[in-house]
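A.B. asks: Structure provided below as structure tokens; questions to follow.
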Amino acid sequence: MAAPTLSGTSTINRETHKDLFDRTFDDIKEVKDNVPMQGGQFFSQEKAARLDHKKGSMSSTLDLPVISEDEDDLPFVQPVTGYNKTFTLSNYRSAIKITRKMVELDQWSLITRLMGGLFNSYQRKREFQYAAVFNGAFSDTGSDGVALFSASHPHVDSSHGNWDNLEAGGDLTADSYSTMRLAMRNRTGEKGFIEPRKLNQLIVVAEKERKAKEVLGSVQTAGTELNNKFAFFGESDVYVWDWLTSSTAWFGLDKNADTEDKGLFEFVQANLDIADITSTLPHDIIMGKRLRFTNVCGATLMKAYQGNAGA
């Protein structure tokens with residue numbers, strides 16, 4: 001993108017330069033809109049009508065059919081009503097301004113970086129929001145009142161006991177991967193039936209990328225004799241999430257699970273809105289832009305995930 005020649009301008013026309021900066025701003029926005037955010041792929045977006053948004057759940061699992069003759073009363077069954085959780089949305093804003101002095105000094109690089117920085121700040125804020133759910137998942141509670149990763153998630157019907165998605169803390173090895181894989185295969189649902197999850201993606205921090213790829217990328221079991229085959233070679237891919245803060249934690253995911261079982265949501269009341277505020281600013285402000293959005297990111301029950309806090 002070539003910079004216009006602004007230096008030496010004796011008279012700066014506010015509208016002319018504003019039009020120029022508006023076109024540049026639109027070009028930058030188009031580029032930024034096409035940059036995917038790391039955490040966004042794990043969250044489903046839902047529209048929220050209120051700032052206090054209640055998210056409920058309903059199990060799709062019914063009791064098994066019973067022996068019943070045609071002349072008998074029909075044995076109607078009902079799904080289990082799940083837990084509810086309320087999420088509080090917040091309104092976020094920021095703004096930039098391009099001054100007459102910036103134009104007089106021909107600070108084109110500063111101006112373009114300022115405009116790009118507005119979009120970067122929006123994307124960075126959302127990345128922090130996504131990652132914060134995982135960063136706090138070993139202590140922050142889900143809709144059932146216990147930590148998102150817990151060994152004692154209560155089923156709504158207490159007669160079916162608990163389910164768990166928390167591994168004993170330990171380093172990522174072929175054995176601990178296999179243990180996580182088995183735990184996900186043994187997951188139970190609200191009626192106590194087996195609802196197996198297939199571990200097909202490991203989510204790790206940058207510090208664990210090499211270890212994860214060594215464990216999963218070898219036909220042989222890493223760290224053992226060469227004739228000891230790794231039984232699950234090629235079953236899972238590795239995703240490195242740079243925004244996670246723990247240097248030890250790692251997570252398993254069944255990517256094919258439905259939205260409710262993944263349990264991660266971004267509730268939005270107002271999508272990103274960028275407005276021109278130039279007319280409300282002093283004349284020596286050539287252009288002003290205001291950014292605004294209203295959202296919250298959170299989790300209900302992370303049934304498709306398994307967490308290990310590491311060691």
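The way I read the labels, and the way they are meant: chains A, B, ... in the order of the structure tokens, residue 1 as the first residue of every chain, and ligand 1 as the first ligand shown, with later ones counted on from there.
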Set the distance at 12 Å and use only C-alpha atoms: which residues neighbour Asp284 of chain A once local chain neighbours fewer than 4 positions away are removed? I'd like the list as a list in words.
C.D. replies: Ile12, Asn13, Arg14, Glu15, His17, Lys18, Lys97, Ile98, Thr99, Arg100, Lys101, Met102, Val103, Glu104, Thr278, Ser279, Thr280 and Gly288 of chain A
A.B. asks: Mind writing the picked residues with N, CA and C atoms as an mmCIF file, in the first residue's frame?
C.D. replies:
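Full text of part_12.cif as output:
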data_model
loop_
_atom_site.group_PDB
_atom_site.id
_atom_site.type_symbol
_atom_site.label_atom_id
_atom_site.label_comp_id
_atom_site.auth_asym_id
_atom_site.auth_seq_id
_atom_site.Cartn_x
_atom_site.Cartn_y
_atom_site.Cartn_z
ATOM 1 N N ILE A 12 -4.323 21.843 4.813
ATOM 2 C CA ILE A 12 -4.820 20.476 4.942
ATOM 3 C C ILE A 12 -6.332 20.517 4.977
ATOM 4 N N ASN A 13 -6.927 19.899 3.966
ATOM 5 C CA ASN A 13 -8.383 19.831 3.883
ATOM 6 C C ASN A 13 -8.859 18.622 4.681
ATOM 7 N N ARG A 14 -9.637 18.906 5.712
ATOM 8 C CA ARG A 14 -10.044 17.826 6.616
ATOM 9 C C ARG A 14 -10.823 16.744 5.887
ATOM 10 N N GLU A 15 -11.766 17.109 5.031
ATOM 11 C CA GLU A 15 -12.609 16.126 4.358
ATOM 12 C C GLU A 15 -11.821 15.293 3.357
ATOM 13 N N HIS A 17 -8.566 14.548 3.359
ATOM 14 C CA HIS A 17 -7.702 13.605 4.040
ATOM 15 C C HIS A 17 -8.515 12.545 4.794
ATOM 16 N N LYS A 18 -9.666 12.945 5.302
ATOM 17 C CA LYS A 18 -10.517 11.963 5.970
ATOM 18 C C LYS A 18 -10.963 10.886 4.995
ATOM 19 N N LYS A 97 -7.714 8.412 17.085
ATOM 20 C CA LYS A 97 -7.867 9.688 16.386
ATOM 21 C C LYS A 97 -6.594 9.973 15.601
ATOM 22 N N ILE A 98 -6.769 10.566 14.442
ATOM 23 C CA ILE A 98 -5.647 11.006 13.605
ATOM 24 C C ILE A 98 -5.662 12.527 13.620
ATOM 25 N N THR A 99 -4.578 13.112 14.099
ATOM 26 C CA THR A 99 -4.540 14.557 14.293
ATOM 27 C C THR A 99 -3.952 15.282 13.080
ATOM 28 N N ARG A 100 -4.222 16.562 13.035
ATOM 29 C CA ARG A 100 -3.672 17.412 11.977
ATOM 30 C C ARG A 100 -2.137 17.405 12.034
ATOM 31 N N LYS A 101 -1.573 17.343 13.236
ATOM 32 C CA LYS A 101 -0.120 17.342 13.381
ATOM 33 C C LYS A 101 0.493 16.091 12.753
ATOM 34 N N MET A 102 -0.162 14.940 12.879
ATOM 35 C CA MET A 102 0.336 13.715 12.241
ATOM 36 C C MET A 102 0.424 13.878 10.725
ATOM 37 N N VAL A 103 -0.585 14.548 10.161
ATOM 38 C CA VAL A 103 -0.599 14.762 8.709
ATOM 39 C C VAL A 103 0.476 15.757 8.313
ATOM 40 N N GLU A 104 0.605 16.843 9.087
ATOM 41 C CA GLU A 104 1.622 17.850 8.783
ATOM 42 C C GLU A 104 3.030 17.256 8.811
ATOM 43 N N THR A 278 -15.679 11.509 13.762
ATOM 44 C CA THR A 278 -14.941 12.719 13.386
ATOM 45 C C THR A 278 -15.735 13.985 13.666
ATOM 46 N N SER A 279 -17.026 13.975 13.344
ATOM 47 C CA SER A 279 -17.839 15.193 13.467
ATOM 48 C C SER A 279 -17.996 15.660 14.908
ATOM 49 N N THR A 280 -17.766 14.767 15.872
ATOM 50 C CA THR A 280 -17.924 15.138 17.277
ATOM 51 C C THR A 280 -16.616 15.604 17.903
ATOM 52 N N GLY A 288 -11.614 10.280 13.380
ATOM 53 C CA GLY A 288 -11.773 9.532 14.622
ATOM 54 C C GLY A 288 -12.653 8.322 14.388
#
A.B. asks: Quick one: contact table of segment 202-282 of chain A to segment 58-72 of chain A, 12 Å max, nearest atom pair and distance in Å to one decimal per residue, counting only C-alpha atoms, chain and number order, as a tab-separated table?
C.D. replies:
residue	atom	partner	partner_atom	distance
A:Asp258	CA	A:Ser60	CA	11.4
A:Glu260	CA	A:Met58	CA	9.1
A:Asp261	CA	A:Ser59	CA	9.8
A.B. asks: Which residues are close to Lys125 of chain A, i.e. within 12 Å by only C-alpha atoms, leaving aside same-chain residues fewer than 2 positions away? Reply as JSON, numbers by chain.
C.D. replies: {"A": [37, 39, 40, 92, 93, 94, 117, 118, 119, 120, 121, 122, 123, 127, 128, 129, 130, 131, 132, 243, 292, 293, 294, 295, 296, 297]}
A.B. asks: Filtering to N, CA and C atoms, could you give me those residues as a short mmCIF file (atom, residue, chain, number, x, y, z; two decimals), in the first residue's frame?
C.D. replies:
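What follows is the written file part29.cif:
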data_model
loop_
_atom_site.label_atom_id
_atom_site.label_comp_id
_atom_site.auth_asym_id
_atom_site.auth_seq_id
_atom_site.Cartn_x
_atom_site.Cartn_y
_atom_site.Cartn_z
N MET A 37 -8.89 -16.36 14.32
CA MET A 37 -8.39 -16.32 15.68
C MET A 37 -8.22 -17.74 16.21
N GLY A 39 -8.46 -19.18 19.22
CA GLY A 39 -9.46 -19.74 20.12
C GLY A 39 -10.86 -19.81 19.55
N GLY A 40 -11.13 -19.03 18.51
CA GLY A 40 -12.48 -18.96 17.98
C GLY A 40 -13.02 -20.28 17.48
N TYR A 92 -17.73 -3.39 25.47
CA TYR A 92 -16.32 -2.99 25.30
C TYR A 92 -16.23 -1.90 24.24
N ARG A 93 -15.37 -0.90 24.50
CA ARG A 93 -15.17 0.19 23.54
C ARG A 93 -13.72 0.64 23.54
N SER A 94 -13.29 1.17 22.42
CA SER A 94 -12.02 1.89 22.33
C SER A 94 -12.10 2.80 21.11
N GLY A 117 -3.92 -1.14 14.53
CA GLY A 117 -3.90 -1.48 15.94
C GLY A 117 -5.29 -1.55 16.56
N LEU A 118 -6.23 -0.78 16.01
CA LEU A 118 -7.59 -0.81 16.54
C LEU A 118 -8.20 -2.19 16.32
N PHE A 119 -8.01 -2.74 15.13
CA PHE A 119 -8.52 -4.09 14.86
C PHE A 119 -7.75 -5.14 15.65
N ASN A 120 -6.43 -4.95 15.75
CA ASN A 120 -5.63 -5.91 16.52
C ASN A 120 -6.09 -5.99 17.97
N SER A 121 -6.44 -4.83 18.54
CA SER A 121 -6.86 -4.82 19.94
C SER A 121 -8.17 -5.58 20.12
N TYR A 122 -9.06 -5.48 19.14
CA TYR A 122 -10.33 -6.21 19.18
C TYR A 122 -10.08 -7.72 19.11
N GLN A 123 -9.24 -8.14 18.16
CA GLN A 123 -8.95 -9.56 18.02
C GLN A 123 -8.20 -10.10 19.25
N GLU A 127 -9.21 -13.13 21.82
CA GLU A 127 -8.31 -14.26 22.07
C GLU A 127 -8.12 -14.47 23.57
N PHE A 128 -7.96 -13.37 24.31
CA PHE A 128 -7.84 -13.48 25.76
C PHE A 128 -9.12 -14.07 26.37
N GLN A 129 -10.27 -13.66 25.84
CA GLN A 129 -11.53 -14.18 26.36
C GLN A 129 -11.64 -15.69 26.13
N TYR A 130 -11.31 -16.13 24.93
CA TYR A 130 -11.37 -17.57 24.63
C TYR A 130 -10.42 -18.35 25.56
N ALA A 131 -9.17 -17.90 25.61
CA ALA A 131 -8.17 -18.63 26.37
C ALA A 131 -8.47 -18.62 27.86
N ALA A 132 -9.10 -17.55 28.36
CA ALA A 132 -9.38 -17.46 29.79
C ALA A 132 -10.26 -18.60 30.27
N TRP A 243 -2.20 -18.81 23.29
CA TRP A 243 -2.76 -17.92 24.30
C TRP A 243 -2.98 -18.60 25.65
N ARG A 292 -16.76 -0.83 19.15
CA ARG A 292 -17.66 -1.24 20.22
C ARG A 292 -18.18 -2.65 19.96
N PHE A 293 -18.26 -3.47 21.02
CA PHE A 293 -18.92 -4.77 20.93
C PHE A 293 -19.33 -5.20 22.33
N THR A 294 -20.30 -6.12 22.40
CA THR A 294 -20.82 -6.60 23.68
C THR A 294 -20.88 -8.12 23.65
N ASN A 295 -20.11 -8.76 24.53
CA ASN A 295 -20.07 -10.23 24.51
C ASN A 295 -19.60 -10.80 25.83
N VAL A 296 -19.59 -12.11 25.90
CA VAL A 296 -18.94 -12.85 26.99
C VAL A 296 -18.64 -14.24 26.46
N CYS A 297 -17.53 -14.83 26.90
CA CYS A 297 -17.18 -16.20 26.55
C CYS A 297 -17.23 -17.05 27.81
#
A.B. asks: Counting only C-alpha atoms, which residue out of A:Leu264, A:Val215, A:Leu166, A:Leu244 sits closest to Ser139 of chain A?
C.D. replies: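 Smallest separation from Ser139 of chain A among the options: A:Leu166.
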A.B. asks: Please report the interatomic distance between atom CA of Phe43 of chain A and atom CA of Gly142 of chain A in Å with one decimal.
C.D. replies: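 If I compute the distance from atom CA of Phe43 of chain A to atom CA of Gly142 of chain A, I get 15.1 Å.
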A.B. asks: Between atom CA of Met115 of chain A and atom CA of Leu272 of chain A, measure the distance and give it in Å to one decimal.
C.D. replies: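 Distance between the two atoms: 15.3 Å.
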A.B. asks: Mind giving me the straight-line distance from atom CA of Thr300 of chain A to atom CA of Asp175 of chain A in Å, one decimal?
C.D. replies: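 Going from atom CA of Thr300 of chain A over to atom CA of Asp175 of chain A covers 29.4 Å.
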A.B. asks: Mind checking DSSP for segment 50-202 of chain A and telling me the strand (DSSP E) residues as a ChimeraX atom specification?
C.D. replies: /A:52-58,81-88,90-99,153-154,162-163,201-202
A.B. asks: Between A:Met184, A:Ile277, A:Leu202, A:Leu253, which one has atoms that come closest to Tyr305 of chain A, using only C-alpha atoms?
C.D. replies: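 Checking each of A:Met184, A:Ile277, A:Leu202, A:Leu253 against Tyr305 of chain A, counting only C-alpha atoms, the winner is A:Leu253.
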A.B. asks: For Leu51 of chain A, which residue out of A:Thr248, A:Gln269, A:Ile96, A:Lys289 is the nearest one, using only C-alpha atoms?
C.D. replies: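 Comparing A:Thr248, A:Gln269, A:Ile96, A:Lys289 against Leu51 of chain A, the winner is A:Gln269.
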A.B. asks: I need the helix (DSSP H, G or I) residues of segment 72-244 of chain A per DSSP on the backbone, written as a tab-separated table (two decimals) with C-alpha atoms, in the first residue's frame.
C.D. replies:
chain	number	residue	atom	x	y	z
A	100	ARG	CA	-3.67	17.41	11.98
A	101	LYS	CA	-0.12	17.34	13.38
A	102	MET	CA	0.34	13.72	12.24
A	103	VAL	CA	-0.60	14.76	8.71
A	104	GLU	CA	1.62	17.85	8.78
A	108	TRP	CA	1.95	7.77	7.37
A	109	SER	CA	3.52	4.73	9.02
A	110	LEU	CA	2.25	5.81	12.43
A	111	ILE	CA	-1.20	6.50	11.04
A	112	THR	CA	-1.56	3.09	9.35
A	113	ARG	CA	-0.23	1.28	12.42
A	114	LEU	CA	-2.74	3.15	14.56
A	115	MET	CA	-5.61	2.10	12.33
A	116	GLY	CA	-4.42	-1.51	12.19
A	117	GLY	CA	-3.90	-1.48	15.94
A	118	LEU	CA	-7.59	-0.81	16.54
A	119	PHE	CA	-8.52	-4.09	14.86
A	120	ASN	CA	-5.63	-5.91	16.52
A	121	SER	CA	-6.86	-4.82	19.94
A	122	TYR	CA	-10.33	-6.21	19.18
A	123	GLN	CA	-8.95	-9.56	18.02
A	124	ARG	CA	-6.51	-9.73	20.93
A	125	LYS	CA	-9.29	-9.06	23.45
A	126	ARG	CA	-11.34	-11.95	22.06
A	127	GLU	CA	-8.31	-14.26	22.07
A	128	PHE	CA	-7.84	-13.48	25.76
A	129	GLN	CA	-11.53	-14.18	26.36
A	130	TYR	CA	-11.37	-17.57	24.63
A	131	ALA	CA	-8.17	-18.63	26.37
A	132	ALA	CA	-9.38	-17.46	29.79
A	133	VAL	CA	-12.01	-20.21	29.78
A	134	PHE	CA	-9.31	-22.89	29.44
A	135	ASN	CA	-6.83	-21.11	31.69
A	158	SER	CA	-28.07	-38.67	40.99
A	159	SER	CA	-28.94	-42.37	40.75
A	160	HIS	CA	-26.56	-42.55	37.79
A	174	ALA	CA	2.35	-42.43	25.44
A	175	ASP	CA	0.92	-43.96	28.61
A	176	SER	CA	-0.84	-40.79	29.83
A	177	TYR	CA	-2.23	-40.22	26.34
A	178	SER	CA	-3.59	-43.79	26.31
A	179	THR	CA	-5.11	-43.25	29.77
A	180	MET	CA	-6.86	-40.08	28.58
A	181	ARG	CA	-8.08	-41.84	25.46
A	182	LEU	CA	-9.61	-44.67	27.50
A	183	ALA	CA	-11.27	-42.27	29.94
A	184	MET	CA	-12.96	-40.47	27.05
A	185	ARG	CA	-14.14	-43.76	25.55
A	206	ALA	CA	3.91	-24.06	22.92
A	207	GLU	CA	6.13	-25.61	25.60
A	208	LYS	CA	4.52	-29.01	24.96
A	209	GLU	CA	4.44	-28.91	21.16
A	210	ARG	CA	7.62	-30.92	20.68
A	211	LYS	CA	6.64	-33.52	23.26
A	212	ALA	CA	3.14	-33.92	21.80
A	213	LYS	CA	4.46	-34.41	18.28
A	214	GLU	CA	7.10	-36.87	19.50
A	215	VAL	CA	4.46	-38.96	21.28
A	216	LEU	CA	1.85	-38.89	18.53
A.B. asks: Could you give me, as a ChimeraX atom specification, the residues within 6 Å of Gly263 of chain A, counting only C-alpha atoms and dropping anything in the same chain fewer than 6 positions from it?
C.D. replies: /A:299-302
A.B. asks: So which one's closest to Val80 of chain A, A:His53, A:Asp144, A:His155, A:Phe42? Using only C-alpha atoms, please.
C.D. replies: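 Answer, going by the shortest atom-to-atom distance: A:His155.
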A.B. asks: Skip Gly56 of chain A itself and residues of its chain fewer than 6 positions away, then list as a list in words all residues within 8 Å of it, counting only C-alpha atoms.
C.D. replies: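 So, after excluding close chain neighbours, the residues are Gly82, Tyr83, Asn84 and Lys85 of chain A.
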A.B. asks: Could you take the residues named above and write them with C-alpha atoms, as a compact mmCIF listing (two decimals), in the first residue's frame?
C.D. replies:
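Saved as again28.txt:
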# COMPACT_ATOMS: atom_id res chain seq x y z
CA GLY A 82 -30.04 -30.35 32.40
CA TYR A 83 -28.38 -27.60 34.37
CA ASN A 84 -28.62 -23.86 33.79
CA LYS A 85 -25.92 -21.21 34.00
A.B. asks: Between A:Thr188, A:Val205, A:Asp273, A:Gly298, single out the one closest to Trp241 of chain A, counting only C-alpha atoms.
C.D. replies: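 Smallest separation from Trp241 of chain A among the options: A:Val205.
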